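Shown next: target.txt, containing compact mmCIF, C-alpha atoms.
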```txt
# COMPACT_ATOMS: atom_id res chain seq x y z
CA MET A 1 18.53 161.65 71.25
CA LYS A 2 20.49 164.49 72.84
CA PHE A 3 23.82 162.65 72.69
CA GLY A 4 23.06 160.40 69.71
CA TYR A 5 25.81 157.83 69.29
CA SER A 6 28.61 159.98 70.70
CA LEU A 7 29.16 157.57 73.63
CA GLU A 8 29.47 154.65 71.20
CA ALA A 9 31.97 156.61 69.10
CA LEU A 10 33.95 157.52 72.23
CA THR A 11 33.97 153.84 73.28
CA VAL A 12 35.29 152.74 69.89
CA VAL A 13 38.11 155.30 70.17
CA ALA A 14 38.83 154.14 73.74
CA ILE A 15 38.93 150.46 72.71
CA ILE A 16 41.24 151.25 69.78
CA ALA A 17 43.48 153.14 72.24
CA PHE A 18 43.41 150.09 74.58
CA CYS A 19 44.45 147.81 71.71
CA GLY A 20 47.17 150.29 70.78
CA ILE A 21 48.60 150.32 74.31
CA PHE A 22 48.38 146.51 74.43
CA LEU A 23 50.21 146.04 71.14
CA TYR A 24 52.85 148.64 72.01
CA THR A 25 53.58 147.29 75.49
CA SER A 26 53.50 143.66 74.33
CA SER A 27 56.02 144.36 71.58
CA ALA A 28 58.16 146.49 73.91
CA HIS A 29 58.45 143.48 76.22
CA GLY A 30 58.97 140.69 73.72
CA GLY A 31 61.19 138.76 76.11
CA ALA A 32 58.45 138.44 78.71
CA LYS A 33 57.29 134.90 79.40
CA PHE A 34 53.65 135.85 79.03
CA ALA A 35 51.64 139.00 78.40
CA GLY A 36 51.52 140.91 81.65
CA SER A 37 54.67 139.51 83.24
CA ASP A 38 55.85 141.56 86.13
CA SER A 39 59.57 141.98 85.44
CA GLN A 40 59.88 145.63 86.45
CA GLY A 41 57.61 145.46 89.50
CA SER A 42 59.20 142.29 90.86
CA GLY A 43 62.65 143.67 89.98
CA LEU A 44 61.90 146.71 92.11
CA ILE A 45 60.74 144.48 94.99
CA ALA A 46 64.01 142.54 94.74
CA GLU A 47 65.99 145.78 94.72
CA LEU A 48 64.15 147.27 97.70
CA SER A 49 64.28 144.07 99.75
CA GLY A 50 67.97 143.51 98.96
CA LYS A 51 67.25 139.90 97.96
CA PRO A 52 67.86 138.45 94.48
CA LEU A 53 64.73 137.83 92.43
CA GLU A 54 65.49 134.08 92.30
CA THR A 55 64.97 133.80 96.08
CA PHE A 56 61.28 134.72 95.83
CA HIS A 57 59.19 131.56 95.86
CA PRO A 58 55.45 131.00 96.37
CA LEU A 59 54.56 130.72 100.07
CA ILE A 60 51.76 128.37 99.05
CA PRO A 61 52.52 126.07 96.08
CA GLN A 62 50.67 127.27 93.00
CA TRP A 63 49.64 125.64 89.74
CA GLU A 64 50.80 127.60 86.70
CA PRO A 65 49.35 127.51 83.19
CA PRO A 66 51.80 125.76 80.79
CA GLN A 67 52.86 128.95 78.95
CA GLN A 68 54.06 130.50 82.23
CA ARG A 69 56.36 127.63 83.17
CA ASP A 70 60.08 127.85 82.45
CA MET B 1 47.98 144.76 89.61
CA HIS B 2 47.49 141.54 91.57
CA ILE B 3 50.43 141.01 93.90
CA MET B 4 52.00 137.73 92.87
CA GLU B 5 52.29 134.69 95.14
CA GLY B 6 55.48 134.86 97.20
CA PHE B 7 56.05 138.59 96.73
CA LEU B 8 54.71 139.68 100.14
CA PRO B 9 56.32 138.60 103.42
CA TRP B 10 54.06 136.21 105.37
CA GLN B 11 53.57 138.78 108.15
CA TRP B 12 52.00 141.23 105.69
CA CYS B 13 49.92 138.44 104.11
CA LEU B 14 48.52 137.76 107.58
CA VAL B 15 47.80 141.45 108.27
CA TRP B 16 45.88 141.87 105.00
CA TRP B 17 43.95 138.63 105.57
CA ILE B 18 42.95 139.85 109.07
CA ILE B 19 41.64 143.10 107.56
CA ALA B 20 39.95 141.32 104.63
CA VAL B 21 37.99 138.71 106.63
CA PRO B 22 35.60 141.14 108.41
CA CYS B 23 34.98 142.92 105.07
CA LEU B 24 34.09 139.54 103.54
CA ILE B 25 31.77 138.65 106.43
CA LEU B 26 29.98 142.00 106.05
CA GLY B 27 29.72 141.43 102.28
CA VAL B 28 28.26 137.93 102.70
CA TYR B 29 25.69 139.35 105.16
CA GLN B 30 24.68 142.06 102.66
CA LEU B 31 24.57 139.51 99.85
CA LYS B 32 22.25 137.21 101.79
CA LYS B 33 20.04 140.18 102.63
CA ILE B 34 19.67 141.38 99.04
CA LEU B 35 19.08 137.86 97.70
CA ALA B 36 16.42 137.22 100.34
CA SER B 37 14.57 140.37 99.33
CA ASP B 38 15.12 140.29 95.55
CA ARG B 39 15.94 137.01 93.77
CA LYS B 40 15.67 138.82 90.44
CA ALA B 41 18.97 140.53 91.24
CA LEU B 42 20.82 137.22 90.77
CA PRO B 43 21.35 137.44 86.97
CA LEU B 44 22.81 140.95 87.25
CA LEU B 45 25.01 139.77 90.12
CA GLY B 46 26.29 136.95 87.90
CA VAL B 47 26.96 139.40 85.08
CA THR B 48 28.97 141.67 87.41
CA GLY B 49 31.09 138.68 88.49
CA GLY B 50 31.76 137.70 84.87
CA PHE B 51 32.54 141.31 84.00
CA ILE B 52 35.14 141.53 86.80
CA PHE B 53 36.67 138.16 85.88
CA ILE B 54 37.08 138.96 82.18
CA LEU B 55 38.31 142.54 82.56
CA SER B 56 40.75 141.79 85.39
CA SER B 57 42.22 138.89 83.39
CA LEU B 58 43.24 141.21 80.52
CA LYS B 59 46.80 141.69 81.73
CA LEU B 60 48.75 144.41 79.99
CA PRO B 61 52.53 144.72 80.27
CA SER B 62 53.01 148.37 81.16
CA VAL B 63 55.64 150.42 79.35
CA THR B 64 57.79 150.26 82.45
CA GLY B 65 57.50 146.48 82.51
CA SER B 66 54.98 145.88 85.25
CA CYS B 67 51.48 144.59 84.71
CA SER B 68 48.23 146.51 84.56
CA HIS B 69 44.65 145.55 83.83
CA PRO B 70 41.16 146.97 84.18
CA THR B 71 39.41 145.92 87.40
CA GLY B 72 35.80 145.80 86.20
CA THR B 73 34.46 146.55 89.68
CA GLY B 74 32.45 149.63 88.69
CA LEU B 75 29.30 147.77 87.56
CA SER B 76 29.06 145.76 90.77
CA THR B 77 29.93 148.73 92.99
CA ILE B 78 27.28 150.99 91.51
CA SER B 79 24.62 148.26 91.29
CA PHE B 80 25.15 146.43 94.60
CA GLY B 81 27.52 148.51 96.73
CA PRO B 82 31.08 147.90 97.94
CA GLY B 83 30.22 145.14 100.43
CA ILE B 84 28.81 142.71 97.87
CA THR B 85 31.58 143.71 95.42
CA THR B 86 34.10 142.50 98.01
CA VAL B 87 32.54 139.01 97.92
CA VAL B 88 32.35 138.94 94.11
CA CYS B 89 35.98 140.09 93.86
CA ALA B 90 37.11 137.49 96.40
CA ILE B 91 35.55 134.72 94.28
CA VAL B 92 37.14 136.11 91.10
CA LEU B 93 40.56 136.48 92.76
CA LEU B 94 40.35 132.96 94.16
CA PHE B 95 39.69 131.49 90.71
CA GLN B 96 42.44 133.59 89.13
CA SER B 97 44.99 132.50 91.72
CA LEU B 98 44.00 128.82 91.42
CA PHE B 99 43.69 128.54 87.64
CA LEU B 100 45.61 131.43 86.05
CA ALA B 101 48.53 131.94 88.52
CA HIS B 102 47.31 135.54 88.66
CA GLY B 103 47.72 136.57 92.28
CA GLY B 104 47.99 133.81 94.87
CA LEU B 105 46.42 132.26 97.95
CA SER B 106 48.78 133.81 100.52
CA VAL B 107 48.38 137.28 98.96
CA LEU B 108 44.63 136.86 98.40
CA GLY B 109 43.84 139.00 101.46
CA ALA B 110 46.00 141.87 100.16
CA ASN B 111 44.46 141.62 96.68
CA ILE B 112 40.93 141.52 98.15
CA ILE B 113 41.66 144.71 100.09
CA SER B 114 42.97 146.59 97.03
CA MET B 115 40.58 145.39 94.32
CA GLY B 116 37.57 144.34 96.41
CA VAL B 117 37.48 146.83 99.27
CA VAL B 118 39.34 150.14 98.74
CA GLY B 119 38.68 150.57 95.00
CA PRO B 120 34.93 149.81 95.24
CA LEU B 121 34.62 151.92 98.41
CA VAL B 122 36.12 154.96 96.66
CA GLY B 123 33.95 154.35 93.57
CA TYR B 124 30.83 154.04 95.74
CA VAL B 125 31.55 157.26 97.63
CA ILE B 126 32.00 159.13 94.33
CA TYR B 127 28.79 157.59 92.96
CA ARG B 128 26.78 158.48 96.09
CA ILE B 129 28.05 162.07 96.12
CA LEU B 130 27.36 162.63 92.40
CA ARG B 131 24.04 160.72 92.36
CA ASP B 132 22.36 163.37 94.48
CA MET B 133 23.84 166.25 92.51
CA PRO B 134 22.71 167.59 89.13
CA VAL B 135 25.43 165.63 87.32
CA ASN B 136 24.93 163.62 84.13
CA ILE B 137 24.31 159.94 84.93
CA PHE B 138 27.03 158.77 82.51
CA LEU B 139 29.60 161.17 83.96
CA THR B 140 28.74 159.77 87.41
CA VAL B 141 29.34 156.20 86.17
CA PHE B 142 32.54 157.21 84.38
CA LEU B 143 34.07 158.96 87.39
CA ALA B 144 33.05 156.27 89.91
CA THR B 145 34.51 153.52 87.68
CA ALA B 146 37.72 155.30 86.72
CA LEU B 147 38.51 156.38 90.28
CA ALA B 148 37.71 152.92 91.68
CA ASP B 149 40.25 151.54 89.20
CA LEU B 150 42.93 154.11 90.05
CA PHE B 151 42.56 153.71 93.82
CA THR B 152 42.91 149.95 93.46
CA TYR B 153 46.38 150.52 92.00
CA LEU B 154 47.29 153.15 94.58
CA THR B 155 46.37 150.65 97.30
CA THR B 156 48.51 147.94 95.70
CA SER B 157 51.39 150.43 95.54
CA LEU B 158 50.88 151.25 99.23
CA GLN B 159 50.77 147.55 100.17
CA LEU B 160 54.06 146.95 98.37
CA ALA B 161 55.60 150.12 99.83
CA LEU B 162 54.65 149.07 103.37
CA ALA B 163 56.28 145.69 102.85
CA TYR B 164 59.34 147.07 101.03
CA PRO B 165 60.16 150.59 102.25
CA ALA B 166 63.09 152.28 100.50
CA GLU B 167 66.32 152.77 102.46
CA THR B 168 66.20 156.49 101.78
CA GLY B 169 62.76 158.05 101.89
CA GLY B 170 61.07 155.03 103.48
CA ILE B 171 57.49 154.05 102.68
CA PHE B 172 56.61 157.27 100.85
CA SER B 173 59.56 157.05 98.49
CA SER B 174 58.80 153.38 97.80
CA PHE B 175 55.11 154.18 97.23
CA ILE B 176 56.03 156.79 94.61
CA LEU B 177 58.26 154.23 92.85
CA PHE B 178 55.56 151.55 92.69
CA ALA B 179 52.78 154.00 91.79
CA GLY B 180 55.02 155.38 89.03
CA ILE B 181 55.42 151.92 87.50
CA PHE B 182 51.65 151.40 87.38
CA ALA B 183 50.60 154.95 86.49
CA VAL B 184 51.81 155.01 82.87
CA THR B 185 49.38 152.35 81.70
CA GLN B 186 46.84 152.55 84.49
CA VAL B 187 45.68 156.11 83.94
CA PRO B 188 44.64 155.47 80.30
CA LEU B 189 43.19 152.07 81.32
CA ALA B 190 41.03 153.71 84.00
CA ILE B 191 39.71 156.21 81.45
CA VAL B 192 38.94 153.40 78.96
CA GLU B 193 37.19 151.38 81.66
CA GLY B 194 35.11 154.39 82.71
CA ILE B 195 33.98 155.06 79.13
CA VAL B 196 33.10 151.39 78.49
CA LEU B 197 31.03 151.18 81.67
CA ALA B 198 29.23 154.42 80.84
CA LEU B 199 28.21 152.76 77.54
CA VAL B 200 27.11 149.61 79.40
CA PHE B 201 24.90 151.76 81.61
CA LYS B 202 23.49 153.55 78.56
CA TYR B 203 22.23 150.20 77.24
CA ILE B 204 20.96 149.00 80.63
CA ILE B 205 19.01 152.27 80.90
CA ALA B 206 17.69 151.91 77.37
CA LEU B 207 16.75 148.20 77.57
CA LYS B 208 16.25 147.20 81.24
CA PRO B 209 15.84 150.37 83.32
CA ASP B 210 13.59 148.53 85.81
CA ILE B 211 16.63 146.71 87.26
CA LEU B 212 18.29 149.99 88.21
CA ILE B 213 15.06 151.42 89.62
CA ARG B 214 14.34 148.26 91.65
CA LEU B 215 17.86 148.20 93.10
CA LYS B 216 17.56 151.96 93.79
CA VAL B 217 20.75 152.61 91.81
CA PHE B 218 19.25 155.77 90.35
CA SER B 219 15.85 157.37 90.92
CA GLU B 220 13.10 156.89 88.36
CA GLU B 221 13.25 160.59 87.48
CA THR B 222 17.00 160.41 86.81
CA ILE B 223 16.56 157.28 84.70
CA ASN B 224 13.73 158.86 82.72
CA ALA B 225 15.80 161.99 82.18
CA ALA B 226 18.70 159.84 80.95
CA ARG B 227 16.35 157.88 78.68
CA GLY B 228 15.41 161.19 77.13
CA ASP B 229 19.11 161.81 76.61
CA VAL B 230 19.80 158.44 75.06
```

Would you put the structure from the file into structure tokens?
Amino acid sequence: MKFGYSLEALTVVAIIAFCGIFLYTSSAHGGAKFAGSDSQGSGLIAELSGKPLETFHPLIPQWEPPQQRD
Amino acid sequence: MHIMEGFLPWQWCLVWWIIAVPCLILGVYQLKKILASDRKALPLLGVTGGFIFILSSLKLPSVTGSCSHPTGTGLSTISFGPGITTVVCAIVLLFQSLFLAHGGLSVLGANIISMGVVGPLVGYVIYRILRDMPVNIFLTVFLATALADLFTYLTTSLQLALAYPAETGGIFSSFILFAGIFAVTQVPLAIVEGIVLALVFKYIIALKPDILIRLKVFSEETINAARGDV
């Protein structure tokens, strides 16, 4: 029992930190259509390619879960 | 991290598919080989697939507005190697693109390369180097997992930078921009993922150490030493 439950304690702290990041980032992006939407990344792609974001369409048609549809 | 459908030009989709297919063929060959020699590995293989699916579906809006998530590839990489992890990741990514609109079919090759090939390969190299050194087993698992996660995101950044180089500074400048977007949330996520997997290994070692010994993940002496620790 050299380490005891130190790894468990560390994991609890890590999971609380994960939840903290999730809650913070989710609230910071309240306008996002769904948790994890890619507004900044896709915005950067649009900027670098010189094409408006609206011109990006799936190359292969894709089913979307209802909460992700406009 | 998954590149979304429609966000890579078709030429780059094709390039990444061409690179991904031989990796998949090699992975399927290794998978058939291990299943022919050890059918008892199947449950653990199923668990690794579920682990990757659940963890990589936990999408987190990063503070800069992009999306980050754990990859979950560490368990499969350490237990079965990067080849088999490629196949498991390909199945997970296929399901996510079909049913969750996470990723996409045209960009599946690019996502397989980042999450299923480069990340696991880096994690495996770290694990193999540290396994034969006098390093704590849990530190080995932590580092292999965390670095596999980070290199997945660096690869995604490189893939996007290659497709969309900046006017000034080119690919490198673009790579820094994309990596910067991911880094803020991905570095803490990689650390969390490494810690969680170290705990998972602690319980595998405590409850079912024979699996790890049979798959030659760690030597019996190392496992016994770790059991003394835990």

Write out, as CSV, each residue of chain B that has an atom at most 8 Å from chain A, together with the closest pair of atoms and their distance in Å to one decimal, counting all atoms listed in the file, rows going by chain and rising number.
```
residue,atom,partner,partner_atom,distance
B:Glu5,CA,A:Pro58,CA,5.0
B:Gly6,CA,A:Pro58,CA,3.9
B:Phe7,CA,A:Phe56,CA,6.6
B:Trp10,CA,A:Leu59,CA,7.6
B:Lys59,CA,A:Gly36,CA,4.8
B:Leu60,CA,A:Gly36,CA,4.8
B:Pro61,CA,A:Gly36,CA,4.2
B:Ser62,CA,A:Thr25,CA,5.8
B:Val63,CA,A:Thr25,CA,5.4
B:Thr64,CA,A:Gln40,CA,6.5
B:Gly65,CA,A:Gln40,CA,4.7
B:Ser66,CA,A:Asp38,CA,4.5
B:Cys67,CA,A:Gly36,CA,4.8
B:Ser68,CA,A:Gly36,CA,7.1
B:Ser97,CA,A:Gln62,CA,7.8
B:Leu98,CA,A:Trp63,CA,6.7
B:Phe99,CA,A:Trp63,CA,6.9
B:Leu100,CA,A:Pro65,CA,6.1
B:Ala101,CA,A:Glu64,CA,5.2
B:Gly104,CA,A:Gln62,CA,7.3
B:Leu105,CA,A:Ile60,CA,6.7
B:Ser106,CA,A:Ile60,CA,6.4
B:Leu160,CA,A:Ile45,CA,7.9
B:Tyr164,CA,A:Leu48,CA,5.9
B:Pro165,CA,A:Leu48,CA,6.9
B:Ala166,CA,A:Leu48,CA,5.8
B:Glu167,CA,A:Leu48,CA,7.6
B:Phe178,CA,A:Gly41,CA,7.2
B:Ile181,CA,A:Gly41,CA,7.1
B:Thr185,CA,A:Ile21,CA,7.7
B:Pro188,CA,A:Phe18,CA,7.9
B:Leu189,CA,A:Phe18,CA,7.0
B:Val192,CA,A:Ala14,CA,5.3
B:Ile195,CA,A:Thr11,CA,6.0
B:Val196,CA,A:Thr11,CA,5.8
B:Ala198,CA,A:Leu7,CA,7.9
B:Leu199,CA,A:Leu7,CA,6.3
B:Gly228,CA,A:Met1,CA,6.7
B:Asp229,CA,A:Lys2,CA,4.8
B:Val230,CA,A:Met1,CA,5.1
```

- Query: Skipping near chain neighbours, those fewer than 3 positions away, what residues fall within 12 Å of Ile204 of chain B using all atoms listed in the file, listed as JSON, numbers by chain?
  - Reply: {"B": [44, 75, 79, 138, 197, 198, 199, 200, 201, 207, 208, 209, 210, 211, 212, 213, 217, 218, 223, 226, 227, 230]}

- Separation of atom CA of Val28 of chain B and atom CA of Leu108 of chain B, in Å?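 Pair atom CA of Val28 of chain B / atom CA of Leu108 of chain B returns 17.0 Å.
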
Around all listed atoms of segment 10-18 of chain A, padded 3 Å per side, what centre and edge lengths does the axis-aligned box have in Å to one decimal, as lines of an AutoDock Vina configuration file?
```
center_x = 38.7
center_y = 153.8
center_z = 72.2
size_x = 15.5
size_y = 13.4
size_z = 10.8
```

- Could you check how far atom CA of Pro134 of chain B sits from atom CA of Val122 of chain B, in Å to one decimal?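 Computed distance, atom CA of Pro134 of chain B to atom CA of Val122 of chain B, equals 19.9 Å.
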
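Computed from the coordinates, the atom CA of Ile54 of chain B to atom CA of Tyr127 of chain B distance equals 23.1 Å.
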
- Message: For Ser157 of chain B, find every residue with an atom within 7 Å (counting only C-alpha atoms), except residues of its own chain fewer than 2 positions away, and show them as number ranges by chain.
- Response: B: 153-155, 159-161, 175, 178-179
